[in-house]
file data.txt (compact mmCIF, C-alpha atoms)
# COMPACT_ATOMS: atom_id res chain seq x y z
CA MET A 1 83.55 104.55 91.40
CA ALA A 2 80.63 102.54 92.65
CA ILE A 3 79.40 105.44 94.77
CA VAL A 4 78.68 107.75 91.86
CA TRP A 5 76.60 105.24 89.89
CA PHE A 6 73.57 105.20 92.13
CA THR A 7 73.20 109.02 92.00
CA PRO A 8 71.93 109.28 88.39
CA ALA A 9 69.98 106.06 88.97
CA LEU A 10 68.17 107.70 91.90
CA ALA A 11 67.50 110.74 89.76
CA ILE A 12 65.87 108.67 87.04
CA GLU A 13 63.84 106.75 89.62
CA ALA A 14 62.60 110.00 91.22
CA VAL A 15 60.94 111.30 88.05
CA THR A 16 60.17 108.19 86.03
CA ALA A 17 59.01 104.63 86.56
CA PHE A 18 62.34 103.28 85.33
CA ASP A 19 63.79 100.82 87.84
CA PHE A 20 66.92 101.71 89.79
CA TRP A 21 68.80 98.53 88.88
CA LYS A 22 68.12 98.92 85.16
CA THR A 23 69.74 102.36 85.09
CA ILE A 24 72.88 101.06 86.81
CA LEU A 25 73.08 98.05 84.50
CA ILE A 26 72.73 100.09 81.29
CA THR A 27 75.06 102.94 82.25
CA CYS A 28 77.78 100.64 83.61
CA THR A 29 77.70 98.61 80.42
CA ILE A 30 77.96 101.67 78.16
CA CYS A 31 80.75 103.25 80.22
CA THR A 32 82.76 100.02 80.35
CA PHE A 33 82.31 99.56 76.60
CA TYR A 34 83.64 102.94 75.47
CA THR A 35 86.44 102.92 78.07
CA THR A 36 87.52 99.50 76.82
CA LEU A 37 87.65 100.61 73.19
CA GLY A 38 88.90 104.16 73.57
CA GLY A 39 91.32 103.98 76.48
CA MET A 40 92.80 107.17 77.93
CA LYS A 41 92.02 109.32 74.89
CA ALA A 42 88.31 108.53 75.10
CA VAL A 43 88.30 109.27 78.83
CA ILE A 44 89.94 112.70 78.44
CA TRP A 45 87.72 113.90 75.60
CA THR A 46 84.52 112.73 77.25
CA ASP A 47 85.63 114.51 80.44
CA VAL A 48 86.03 117.77 78.52
CA LEU A 49 82.60 117.48 76.92
CA MET A 50 80.89 116.50 80.15
CA PHE A 51 82.45 119.41 82.05
CA PHE A 52 80.71 121.89 79.76
CA ILE A 53 77.41 120.01 80.06
CA ILE A 54 77.64 120.08 83.87
CA PHE A 55 78.63 123.76 83.98
CA ILE A 56 75.96 125.05 81.61
CA THR A 57 73.16 123.00 83.13
CA SER A 58 74.04 124.04 86.68
CA ILE A 59 74.00 127.72 85.73
CA LEU A 60 70.57 127.31 84.13
CA VAL A 61 69.21 125.65 87.29
CA ILE A 62 70.49 128.51 89.47
CA VAL A 63 69.12 131.27 87.24
CA MET A 64 65.70 129.73 86.70
CA GLY A 65 65.45 128.37 90.24
CA THR A 66 66.27 131.75 91.77
CA ALA A 67 63.54 133.37 89.70
CA GLU A 68 61.01 130.77 90.85
CA ALA A 69 62.08 131.13 94.50
CA GLY A 70 61.48 134.89 94.52
CA GLY A 71 64.78 136.46 93.54
CA LEU A 72 68.38 136.41 94.72
CA GLY A 73 67.77 138.70 97.70
CA HIS A 74 64.86 136.58 98.86
CA VAL A 75 66.93 133.38 98.59
CA TRP A 76 69.74 134.95 100.61
CA GLN A 77 67.42 136.27 103.34
CA ILE A 78 65.64 132.94 103.89
CA ASN A 79 68.92 131.08 104.24
CA LYS A 80 70.31 133.78 106.51
CA ASP A 81 67.26 133.63 108.79
CA ALA A 82 67.61 129.85 108.96
CA GLY A 83 71.26 130.11 110.04
CA ARG A 84 72.57 128.45 106.90
CA LEU A 85 75.03 131.24 106.05
CA ALA A 86 77.28 130.98 109.12
CA PHE A 87 80.47 130.96 107.05
CA PHE A 88 82.81 131.80 109.91
CA ASP A 89 81.49 129.44 112.54
CA PHE A 90 84.37 128.00 114.58
CA PRO A 91 83.05 125.37 117.02
CA LEU A 92 85.78 123.17 118.48
CA ASP A 93 83.62 120.06 118.43
CA PRO A 94 84.81 117.80 115.54
CA THR A 95 81.50 115.94 115.58
CA VAL A 96 79.67 118.97 114.16
CA ARG A 97 78.88 118.05 110.56
CA MET A 98 79.77 121.34 108.88
CA THR A 99 82.09 124.03 110.24
CA PHE A 100 84.38 126.58 108.61
CA MET A 101 87.55 124.68 109.47
CA GLY A 102 85.93 121.36 108.63
CA VAL A 103 84.97 122.53 105.15
CA VAL A 104 88.17 124.46 104.39
CA LEU A 105 90.86 122.30 106.02
CA GLY A 106 89.09 118.96 106.37
CA THR A 107 87.65 118.89 102.86
CA TRP A 108 90.99 119.97 101.42
CA LEU A 109 92.71 117.00 103.05
CA ASN A 110 89.84 114.73 101.95
CA SER A 111 90.44 115.87 98.36
CA LEU A 112 94.22 115.51 98.52
CA PRO A 113 94.25 111.77 97.71
CA LEU A 114 92.00 112.31 94.70
CA TRP A 115 93.64 115.36 93.13
CA ALA A 116 97.28 114.94 94.14
CA VAL A 117 98.36 111.32 94.60
CA GLY A 118 95.46 109.25 93.26
CA GLN A 119 96.13 107.12 90.21
CA THR A 120 93.53 109.00 88.13
CA ALA A 121 95.36 112.29 88.75
CA VAL A 122 98.89 110.90 88.33
CA GLN A 123 97.92 109.19 85.09
CA ARG A 124 96.72 112.50 83.70
CA PHE A 125 99.93 114.24 84.75
CA LEU A 126 102.02 111.61 83.01
CA ALA A 127 99.84 111.79 79.89
CA ALA A 128 100.64 115.50 79.47
CA LYS A 129 103.17 116.39 76.78
CA SER A 130 105.48 118.13 79.22
CA LEU A 131 106.03 118.87 82.87
CA LYS A 132 105.02 122.47 82.19
CA GLN A 133 101.66 121.37 80.78
CA ALA A 134 101.10 119.01 83.71
CA LYS A 135 101.64 121.89 86.15
CA LEU A 136 99.38 124.13 84.06
CA SER A 137 96.60 121.55 84.25
CA VAL A 138 96.77 121.66 88.05
CA TRP A 139 96.59 125.45 88.16
CA LEU A 140 93.67 125.49 85.72
CA ASN A 141 91.88 122.77 87.65
CA LEU A 142 91.93 124.72 90.91
CA PRO A 143 89.71 127.69 89.91
CA LEU A 144 87.39 125.45 87.88
CA ILE A 145 86.81 123.10 90.82
CA VAL A 146 86.23 126.04 93.18
CA THR A 147 83.72 127.45 90.69
CA LEU A 148 81.82 124.17 90.36
CA VAL A 149 81.70 123.64 94.13
CA THR A 150 80.43 127.22 94.58
CA ILE A 151 77.74 126.65 91.97
CA THR A 152 76.68 123.46 93.73
CA CYS A 153 76.41 125.29 97.06
CA ILE A 154 74.31 128.03 95.47
CA GLU A 155 71.99 125.38 94.05
CA GLY A 156 71.51 124.09 97.59
CA LEU A 157 70.64 127.59 98.85
CA VAL A 158 68.10 128.05 96.06
CA LEU A 159 66.41 124.72 96.79
CA TYR A 160 66.24 125.43 100.52
CA ALA A 161 64.69 128.84 99.92
CA PHE A 162 62.18 127.42 97.47
CA TYR A 163 60.97 124.56 99.67
CA ASN A 164 61.16 126.40 103.00
CA GLU A 165 59.24 129.62 102.37
CA PRO A 166 58.46 130.91 105.90
CA GLY A 167 54.94 131.67 106.98
CA THR A 168 53.15 130.38 103.90
CA THR A 169 50.00 128.31 103.95
CA ALA A 170 47.55 127.22 101.35
CA GLU A 171 45.71 130.52 101.77
CA THR A 172 48.75 132.81 102.08
CA PRO A 173 50.45 134.09 98.93
CA VAL A 174 54.21 133.81 98.75
CA THR A 175 56.65 136.31 97.32
CA GLY A 176 55.54 137.40 93.90
CA GLY A 177 51.85 137.06 94.70
CA THR A 178 51.52 133.42 93.71
CA PRO A 179 49.29 131.29 95.96
CA ALA A 180 51.33 128.85 97.99
CA ASP A 181 50.81 125.21 97.26
CA ASP A 182 52.40 121.89 98.05
CA ARG A 183 55.46 122.75 96.02
CA ARG A 184 56.59 124.84 99.02
CA THR A 185 56.69 121.73 101.17
CA PRO A 186 59.88 119.67 100.92
CA PRO A 187 58.97 116.53 98.95
CA GLU A 188 59.02 113.11 100.56
CA LEU A 189 61.77 111.29 98.73
CA GLU A 190 63.65 108.07 99.41
CA LYS A 191 67.03 109.83 99.18
CA GLN A 192 68.07 113.43 99.74
CA ASP A 193 70.11 113.21 96.55
CA GLN A 194 66.86 113.10 94.57
CA ILE A 195 65.63 116.57 95.51
CA LEU A 196 67.44 118.51 92.78
CA ILE A 197 66.17 116.36 89.93
CA PHE A 198 62.70 116.44 91.51
CA PHE A 199 62.83 120.24 91.55
CA VAL A 200 63.93 120.40 87.90
CA SER A 201 61.25 117.95 86.85
CA GLU A 202 58.48 119.69 88.79
CA GLN A 203 59.29 123.27 87.91
CA PHE A 204 60.91 123.07 84.48
CA GLY A 205 59.56 119.82 83.07
CA HIS A 206 57.32 121.81 80.73
CA ILE A 207 60.35 123.34 78.96
CA PRO A 208 61.27 121.12 75.99
CA GLY A 209 64.66 119.49 76.44
CA PHE A 210 65.56 121.07 79.78
CA GLN A 211 64.86 118.03 81.93
CA GLY A 212 66.77 115.81 79.53
CA LEU A 213 69.71 118.22 79.57
CA PHE A 214 69.84 118.14 83.35
CA ILE A 215 69.69 114.35 83.53
CA SER A 216 72.50 114.22 80.99
CA CYS A 217 74.42 116.51 83.34
CA LEU A 218 74.13 113.95 86.15
CA PHE A 219 75.16 111.14 83.85
CA ALA A 220 78.07 113.23 82.57
CA GLY A 221 79.54 113.45 86.06
CA ALA A 222 79.07 109.73 86.67
CA LEU A 223 80.50 108.66 83.31
CA SER A 224 83.48 110.97 83.68
CA THR A 225 84.36 109.66 87.15
CA VAL A 226 83.91 105.97 86.40
CA SER A 227 85.68 105.98 83.04
CA SER A 228 88.68 107.71 84.62
CA GLY A 229 88.71 105.22 87.47
CA LEU A 230 88.45 102.18 85.22
CA ASN A 231 91.28 103.40 83.04
CA ALA A 232 93.46 104.17 86.05
CA ILE A 233 92.98 100.90 87.92
CA THR A 234 93.57 98.95 84.72
CA ALA A 235 96.88 100.75 84.19
CA VAL A 236 97.97 100.01 87.76
CA ILE A 237 97.17 96.30 87.55
CA LEU A 238 98.80 95.96 84.14
CA VAL A 239 102.03 97.88 84.83
CA ASP A 240 102.66 97.21 88.52
CA ILE A 241 101.35 93.66 88.89
CA TYR A 242 100.81 91.82 85.61
CA LYS A 243 103.99 92.87 83.78
CA PRO A 244 106.36 92.15 86.71
CA PHE A 245 104.60 88.82 87.24
CA MET A 246 105.08 87.82 83.59
CA LYS A 247 108.68 88.96 83.76
CA ALA A 248 109.29 86.66 86.73
CA VAL A 249 107.47 83.75 85.07
CA ARG A 250 109.45 84.06 81.85
CA GLY A 251 112.74 84.45 83.73
CA HIS A 252 113.85 87.49 81.71
CA ASN A 253 115.77 90.34 83.27
CA VAL A 254 114.35 92.74 80.70
CA MET A 255 110.65 93.07 80.12
CA VAL A 256 109.57 91.91 76.67
CA GLU A 257 106.82 94.25 75.49
CA ASP A 258 103.93 92.87 73.44
CA ASP A 259 101.57 95.74 72.69
CA ALA A 260 98.83 93.56 71.23
CA HIS A 261 98.88 91.21 74.21
CA ASN A 262 98.99 94.07 76.73
CA THR A 263 96.07 95.81 75.02
CA LEU A 264 94.00 92.64 75.23
CA ILE A 265 94.80 92.22 78.93
CA ALA A 266 93.93 95.88 79.58
CA ARG A 267 90.54 95.47 77.90
CA VAL A 268 89.79 92.30 79.83
CA LEU A 269 90.68 94.06 83.10
CA THR A 270 88.44 96.99 82.18
CA VAL A 271 85.49 94.68 81.63
CA VAL A 272 86.16 92.82 84.90
CA PHE A 273 86.43 95.96 87.01
CA GLY A 274 83.45 97.50 85.22
CA ALA A 275 81.35 94.52 86.27
CA LEU A 276 82.71 94.71 89.82
CA THR A 277 81.86 98.42 89.97
CA MET A 278 78.31 97.67 88.91
CA VAL A 279 77.92 95.10 91.71
CA LEU A 280 79.34 97.48 94.32
CA ALA A 281 77.02 100.25 93.12
CA PHE A 282 74.02 98.27 94.37
CA ALA A 283 75.67 97.88 97.77
CA ALA A 284 76.63 101.58 97.97
CA SER A 285 73.05 102.68 97.35
CA GLY A 286 72.09 101.90 100.94
CA LEU A 287 74.95 103.66 102.71
CA GLY A 288 73.89 107.32 102.75
CA THR A 289 74.06 110.45 100.64
CA LEU A 290 76.64 111.05 97.93
CA VAL A 291 78.41 113.85 99.85
CA THR A 292 78.79 111.71 102.96
CA LEU A 293 79.92 108.63 101.04
CA ALA A 294 82.44 110.44 98.84
CA ASN A 295 84.11 112.26 101.72
CA SER A 296 84.08 109.11 103.86
CA VAL A 297 85.80 107.04 101.18
CA PHE A 298 88.36 109.66 100.15
CA GLY A 299 89.06 110.59 103.76
CA ALA A 300 89.18 107.22 105.47
CA PHE A 301 90.72 105.20 102.64
CA GLY A 302 92.64 107.86 100.71
CA GLY A 303 94.14 109.53 103.78
CA PRO A 304 96.72 106.77 104.40
CA LEU A 305 97.74 106.95 100.73
CA ALA A 306 98.29 110.71 100.93
CA ALA A 307 100.28 110.27 104.15
CA THR A 308 102.50 107.69 102.44
CA PHE A 309 103.44 110.17 99.72
CA LEU A 310 103.96 112.95 102.25
CA LEU A 311 106.35 110.78 104.27
CA GLY A 312 108.23 109.79 101.14
CA MET A 313 108.71 113.41 100.10
CA LEU A 314 109.29 115.04 103.49
CA TRP A 315 110.94 112.42 105.76
CA LYS A 316 114.05 110.89 104.20
CA ARG A 317 114.53 108.47 107.12
CA ALA A 318 111.16 106.82 106.43
CA ASN A 319 111.42 103.23 105.22
CA ILE A 320 109.07 100.72 103.68
CA TRP A 321 108.40 98.76 106.88
CA GLY A 322 107.57 101.71 109.09
CA VAL A 323 105.39 103.41 106.47
CA LEU A 324 103.63 100.14 105.63
CA LEU A 325 102.81 99.58 109.30
CA GLY A 326 101.49 103.12 109.72
CA THR A 327 99.46 102.92 106.51
CA LEU A 328 97.82 99.62 107.42
CA MET A 329 96.98 100.73 110.96
CA SER A 330 95.50 103.98 109.65
CA PHE A 331 93.56 102.15 106.95
CA PHE A 332 91.95 99.78 109.45
CA LEU A 333 91.13 102.72 111.71
CA GLY A 334 89.38 104.45 108.82
CA VAL A 335 87.41 101.32 107.90
CA TRP A 336 86.40 100.84 111.55
CA ILE A 337 85.12 104.41 111.90
CA VAL A 338 83.21 104.40 108.59
CA LEU A 339 81.52 101.06 109.28
CA GLY A 340 80.77 102.07 112.86
CA SER A 341 79.14 105.31 111.76
CA VAL A 342 76.89 103.37 109.40
CA ILE A 343 75.95 100.58 111.84
CA ASP A 344 75.51 102.51 115.09
CA ARG A 345 76.63 106.12 115.14
CA GLU A 346 75.84 106.57 118.84
CA ALA A 347 77.92 103.61 120.05
CA ASN A 348 81.26 105.43 120.10
CA TRP A 349 82.46 109.04 120.03
CA LEU A 350 84.69 108.33 117.04
CA TYR A 351 81.67 107.15 115.04
CA GLN A 352 80.16 110.62 115.46
CA LEU A 353 83.20 112.33 113.95
CA SER A 354 82.30 114.55 110.99
CA PHE A 355 83.26 113.00 107.69
CA ASN A 356 85.17 116.20 106.90
CA TRP A 357 87.83 115.14 109.43
CA TYR A 358 88.34 111.54 108.30
CA ALA A 359 91.39 112.33 106.15
CA THR A 360 92.90 114.52 108.87
CA LEU A 361 92.62 111.64 111.34
CA THR A 362 94.00 108.96 109.04
CA ILE A 363 96.87 111.13 107.76
CA LEU A 364 97.95 112.05 111.28
CA THR A 365 97.63 108.44 112.43
CA THR A 366 99.83 107.22 109.59
CA ILE A 367 102.52 109.81 110.30
CA ILE A 368 102.46 109.33 114.08
CA ILE A 369 102.91 105.56 113.70
CA ALA A 370 105.23 105.51 110.68
CA ILE A 371 107.96 107.86 111.94
CA PRO A 372 108.85 106.01 115.19
CA ALA A 373 108.27 102.65 113.48
CA SER A 374 110.72 103.61 110.71
CA GLU A 375 113.30 104.59 113.30
CA TRP A 376 112.83 101.27 115.11
CA PHE A 377 113.22 99.26 111.90
CA ARG A 378 116.36 101.27 111.07
CA TRP A 379 117.80 100.21 114.42
CA TRP A 380 116.64 96.59 114.11
CA ILE A 381 117.62 96.04 110.43
CA PRO A 382 121.16 97.29 109.69
CA SER A 383 120.59 97.27 105.93
CA GLU A 384 117.90 99.94 106.34
CA ARG A 385 120.52 102.33 107.71
CA GLU A 386 122.73 101.79 104.67
CA LYS A 387 120.13 102.54 102.03
CA GLN A 388 120.61 105.74 100.05
CA VAL A 389 117.63 107.92 99.17
CA ASP A 390 117.47 109.42 95.68
CA PRO A 391 117.37 113.20 96.30
CA LEU A 392 115.00 113.62 93.37
CA LEU A 393 112.36 111.72 95.34
CA LEU A 394 112.44 114.32 98.11
CA SER A 395 110.71 117.67 98.16
CA PRO A 396 113.03 120.36 96.71
CA PHE A 397 113.29 122.36 99.94
CA ILE A 398 114.69 119.41 101.94
CA ARG A 399 117.08 117.96 99.34
CA PRO A 400 120.78 117.99 100.17
CA SER A 401 122.38 121.25 99.04
CA ALA A 402 124.58 119.51 96.48
CA SER A 403 121.54 118.12 94.66
CA LYS A 404 119.20 121.11 94.86
CA HIS A 405 120.45 122.39 91.53
CA THR A 406 120.65 118.96 89.93
CA PRO A 407 118.25 118.83 86.95
CA VAL A 408 115.49 116.29 87.20
CA HIS A 409 116.47 115.00 83.78
CA THR A 410 118.99 115.81 81.08
CA CYS A 411 117.49 114.60 77.83
CA GLU A 412 118.02 117.29 75.25
CA ASN A 413 114.91 119.27 74.25
CA ASP A 414 112.75 117.21 76.55
CA THR A 415 110.70 118.49 79.47
CA ASP A 416 108.55 115.41 80.01
CA LEU A 417 108.21 113.63 83.29
CA VAL A 418 110.86 110.96 83.62
CA LYS A 419 111.96 108.22 85.93
CA ARG A 420 115.50 106.95 86.13
CA LYS A 421 116.12 103.22 86.22
CA ALA A 422 118.97 102.30 88.50
CA GLY A 423 121.36 99.88 86.85
CA ASP A 424 119.65 99.92 83.47
CA MET A 425 121.13 103.24 82.28
CA LYS A 426 123.82 105.75 82.99
CA ALA A 427 123.38 108.53 85.54
CA ASN A 428 122.70 111.17 82.89
CA ASP A 429 120.30 109.06 80.86
CA CYS A 430 116.59 109.23 81.20
CA GLU A 431 113.54 107.39 80.01
CA LEU A 432 110.14 108.76 79.23
CA GLU A 433 107.33 107.18 81.15
CA LYS A 434 104.40 107.18 78.73
CA LEU A 435 101.10 105.41 79.11

call {"tool": "encode", "arguments": {"input": "data.txt", "output": "structure tokens"}}
result
Amino acid sequence: MAIVWFTPALAIEAVTAFDFWKTILITCTICTFYTTLGGMKAVIWTDVLMFFIIFITSILVIVMGTAEAGGLGHVWQINKDAGRLAFFDFPLDPTVRMTFMGVVLGTWLNSLPLWAVGQTAVQRFLAAKSLKQAKLSVWLNLPLIVTLVTITCIEGLVLYAFYNEPGTTAETPVTGGTPADDRRTPPELEKQDQILIFFVSEQFGHIPGFQGLFISCLFAGALSTVSSGLNAITAVILVDIYKPFMKAVRGHNVMVEDDAHNTLIARVLTVVFGALTMVLAFAASGLGTLVTLANSVFGAFGGPLAATFLLGMLWKRANIWGVLLGTLMSFFLGVWIVLGSVIDREANWLYQLSFNWYATLTILTTIIIAIPASEWFRWWIPSEREKQVDPLLLSPFIRPSASKHTPVHTCENDTDLVKRKAGDMKANDCELEKL
């Protein structure tokens, strides 16, 4: 969450005299405030609104930017001549920053923790009215994400063509017959992330409202991401840590729900984590570009989480001790590589690894360590060999044949996601898990 805050702050700083730290302070405060009051409902509706703002604004930038750069054909030719359209480049060196396999396979694995097993995604799945709607949201999300990523890439091509017009000087006219000027020279900016807002401000600042619309687009993405994260982490702390702790303190076998008390705790947690996010945003501002940071975090830190879920679904002999050992070892490996690449990239070959492959490395490391470790713990701890795995926790294609046709739940007229509680209800009973 902290990573995304400094992006709109840099944008504001690039075109105005407004200080970087003031932008972070104001936006973090506003986002924390409406997330605290509105909860999940506020997060979902603001996400919907902000998606349309991002989509429309990005399309306008591409259309108007392409016209300013000399046309679509001209943009394509400049990027082709510069070797920036090598879609099917297959170098075997994993230290190359961008390759076909790195973008397709590596980025997919980097995104897996965020879109499949991350708390923000799972919380949205559980908030759906039915399992069918949760699945539909995933299928709808896929083409929309591909579209937005494609639009972002096209924006990059347009900017490169505009600021890298070949063979132009102050006396040589560029395509369209307009005298070349300093706008054809890439601007000197503190961060590469500032170039798009600089382009919009320089070329379209004279159009009433357009610059403000684009800045709101950047803030829309930041607000959407942070509000979702705050809501998700608050739910995790409240349900998985605070409630079990209070249950143990009170000495009750059954959790006593107090909605008013839980709501107050959730709001306090949202404020606390909102303030922590704001502090971390200042630290993240000095660690590189947004693309590098996002992929590094999701790959190095989210990879072990994705591997944990994969082992739970696909390897029924996996146990808590073996998976925990593999996850921790992989996590520390990811932290070591990320910090090493920031401090001294040339000191070690692993530090030069492309960020697109971070998740691949951490996922494989977790699996390679967890499987033999689980087998060793099964041999060393007899009780681990006696534990029975709920077939419903396994992927359908590896469930025992007797349970493949067992319904996930049996509540009449109910297709919601459910979780059975062992010992608290009968085998055919089910309980809705609502947030």

call {"tool": "residues_around", "arguments": {"input": "data.txt", "residues": "Thr234 (chain A)", "least_positions_apart": "6", "cutoff": "8 Å", "atoms": "all atoms listed in the file", "output": "list of chain:residue names"}}
result
A:Ala266, A:Leu269, A:Thr270

call {"tool": "residues_near_point", "arguments": {"input": "data.txt", "point": "(90.3, 123.4, 87.6)", "cutoff": "12 Å", "atoms": "all atoms listed in the file", "output": "compact mmCIF listing (two decimals) with C-alpha atoms, in the frame of the given file"}}
result
# COMPACT_ATOMS: atom_id res chain seq x y z
CA VAL A 48 86.03 117.77 78.52
CA PHE A 51 82.45 119.41 82.05
CA TRP A 115 93.64 115.36 93.13
CA LYS A 135 101.64 121.89 86.15
CA LEU A 136 99.38 124.13 84.06
CA SER A 137 96.60 121.55 84.25
CA VAL A 138 96.77 121.66 88.05
CA TRP A 139 96.59 125.45 88.16
CA LEU A 140 93.67 125.49 85.72
CA ASN A 141 91.88 122.77 87.65
CA LEU A 142 91.93 124.72 90.91
CA PRO A 143 89.71 127.69 89.91
CA LEU A 144 87.39 125.45 87.88
CA ILE A 145 86.81 123.10 90.82
CA VAL A 146 86.23 126.04 93.18
CA THR A 147 83.72 127.45 90.69
CA LEU A 148 81.82 124.17 90.36
CA VAL A 149 81.70 123.64 94.13

call {"tool": "axis_aligned_box", "arguments": {"input": "data.txt", "around": "region 201-213 of chain A", "padding_each_side": "5 Å", "output": "AutoDock Vina command-line options"}}
result
--center_x 63.5 --center_y 119.6 --center_z 82.4 --size_x 22.4 --size_y 17.5 --size_z 22.8

call {"tool": "atom_distance", "arguments": {"input": "data.txt", "atom1": "CA of Leu230 (chain A)", "atom2": "CA of Ser296 (chain A)"}}
result
20.4 Å

call {"tool": "residues_around", "arguments": {"input": "data.txt", "residues": "Ile363 (chain A)", "least_positions_apart": "6", "cutoff": "6 Å", "atoms": "only C-alpha atoms", "output": "MDAnalysis selection string"}}
result
chainID A and resid 303:304 307

call {"tool": "residues_around", "arguments": {"input": "data.txt", "residues": "Ile54 (chain A)", "least_positions_apart": "3", "cutoff": "8 Å", "atoms": "only C-alpha atoms", "output": "VMD selection string"}}
result
chain A and resid 50 to 51 57 to 58 217 to 218 220 to 221

call {"tool": "residues_around", "arguments": {"input": "data.txt", "residues": "Thr263 (chain A)", "least_positions_apart": "4", "cutoff": "10 Å", "atoms": "only C-alpha atoms", "output": "PyMOL selection string"}}
result
chain A and resi 36-37+39+238+258-259+267-269

call {"tool": "atom_distance", "arguments": {"input": "data.txt", "atom1": "CA of Leu361 (chain A)", "atom2": "CA of Leu112 (chain A)"}}
result
13.5 Å

call {"tool": "closest_residue", "arguments": {"input": "data.txt", "among": "A:Ala116, A:Val104, A:Ala161, A:Ile237", "to": "Gln77 (chain A)", "atoms": "all atoms listed in the file"}}
result
A:Ala161

call {"tool": "atom_distance", "arguments": {"input": "data.txt", "atom1": "CA of Trp315 (chain A)", "atom2": "CA of Thr107 (chain A)"}}
result
24.3 Å

call {"tool": "residues_around", "arguments": {"input": "data.txt", "residues": "Asn348 (chain A)", "least_positions_apart": "6", "cutoff": "10 Å", "atoms": "all atoms listed in the file", "output": "JSON, numbers by chain"}}
result
{"A": [337, 340, 341]}

call {"tool": "closest_residue", "arguments": {"input": "data.txt", "among": "A:Trp379, A:Trp349, A:Phe331, A:Phe204", "to": "Thr365 (chain A)", "atoms": "only C-alpha atoms"}}
result
A:Phe331

call {"tool": "closest_residue", "arguments": {"input": "data.txt", "among": "A:Phe18, A:Leu109, A:Cys31, A:Phe397", "to": "Phe273 (chain A)", "atoms": "only C-alpha atoms"}}
result
A:Cys31

call {"tool": "build_atoms", "arguments": {"input": "data.txt", "residues": "region 127-141 of chain A", "atoms": "N, CA and C atoms", "output": "PDB file, keeping the file's coordinate frame"}}
result
ATOM      1  N   ALA A 127     100.312 111.766  81.279  1.00  0.00           N
ATOM      2  CA  ALA A 127      99.840 111.790  79.890  1.00  0.00           C
ATOM      3  C   ALA A 127     100.051 113.148  79.240  1.00  0.00           C
ATOM      4  N   ALA A 128     100.376 114.177  80.029  1.00  0.00           N
ATOM      5  CA  ALA A 128     100.640 115.500  79.470  1.00  0.00           C
ATOM      6  C   ALA A 128     101.915 115.467  78.635  1.00  0.00           C
ATOM      7  N   LYS A 129     102.017 116.377  77.672  1.00  0.00           N
ATOM      8  CA  LYS A 129     103.170 116.390  76.780  1.00  0.00           C
ATOM      9  C   LYS A 129     104.441 116.836  77.478  1.00  0.00           C
ATOM     10  N   SER A 130     104.302 117.626  78.525  1.00  0.00           N
ATOM     11  CA  SER A 130     105.480 118.130  79.220  1.00  0.00           C
ATOM     12  C   SER A 130     105.157 118.382  80.675  1.00  0.00           C
ATOM     13  N   LEU A 131     106.213 118.557  81.462  1.00  0.00           N
ATOM     14  CA  LEU A 131     106.030 118.870  82.870  1.00  0.00           C
ATOM     15  C   LEU A 131     105.333 120.221  83.025  1.00  0.00           C
ATOM     16  N   LYS A 132     105.648 121.152  82.154  1.00  0.00           N
ATOM     17  CA  LYS A 132     105.020 122.470  82.190  1.00  0.00           C
ATOM     18  C   LYS A 132     103.516 122.364  81.982  1.00  0.00           C
ATOM     19  N   GLN A 133     103.087 121.545  81.033  1.00  0.00           N
ATOM     20  CA  GLN A 133     101.660 121.370  80.780  1.00  0.00           C
ATOM     21  C   GLN A 133     100.980 120.643  81.935  1.00  0.00           C
ATOM     22  N   ALA A 134     101.682 119.704  82.565  1.00  0.00           N
ATOM     23  CA  ALA A 134     101.100 119.010  83.710  1.00  0.00           C
ATOM     24  C   ALA A 134     100.855 119.983  84.856  1.00  0.00           C
ATOM     25  N   LYS A 135     101.817 120.871  85.112  1.00  0.00           N
ATOM     26  CA  LYS A 135     101.640 121.890  86.150  1.00  0.00           C
ATOM     27  C   LYS A 135     100.508 122.844  85.780  1.00  0.00           C
ATOM     28  N   LEU A 136     100.436 123.219  84.508  1.00  0.00           N
ATOM     29  CA  LEU A 136      99.380 124.130  84.060  1.00  0.00           C
ATOM     30  C   LEU A 136      98.003 123.515  84.277  1.00  0.00           C
ATOM     31  N   SER A 137      97.897 122.209  84.058  1.00  0.00           N
ATOM     32  CA  SER A 137      96.600 121.550  84.250  1.00  0.00           C
ATOM     33  C   SER A 137      96.142 121.631  85.702  1.00  0.00           C
ATOM     34  N   VAL A 138      97.113 121.551  86.635  1.00  0.00           N
ATOM     35  CA  VAL A 138      96.770 121.660  88.050  1.00  0.00           C
ATOM     36  C   VAL A 138      96.277 123.069  88.376  1.00  0.00           C
ATOM     37  N   TRP A 139      96.981 124.067  87.886  1.00  0.00           N
ATOM     38  CA  TRP A 139      96.590 125.450  88.160  1.00  0.00           C
ATOM     39  C   TRP A 139      95.257 125.805  87.526  1.00  0.00           C
ATOM     40  N   LEU A 140      94.974 125.248  86.353  1.00  0.00           N
ATOM     41  CA  LEU A 140      93.670 125.490  85.720  1.00  0.00           C
ATOM     42  C   LEU A 140      92.556 124.740  86.435  1.00  0.00           C
ATOM     43  N   ASN A 141      92.886 123.582  86.966  1.00  0.00           N
ATOM     44  CA  ASN A 141      91.880 122.770  87.650  1.00  0.00           C
ATOM     45  C   ASN A 141      91.381 123.430  88.925  1.00  0.00           C
TER      46      ASN A 141
END
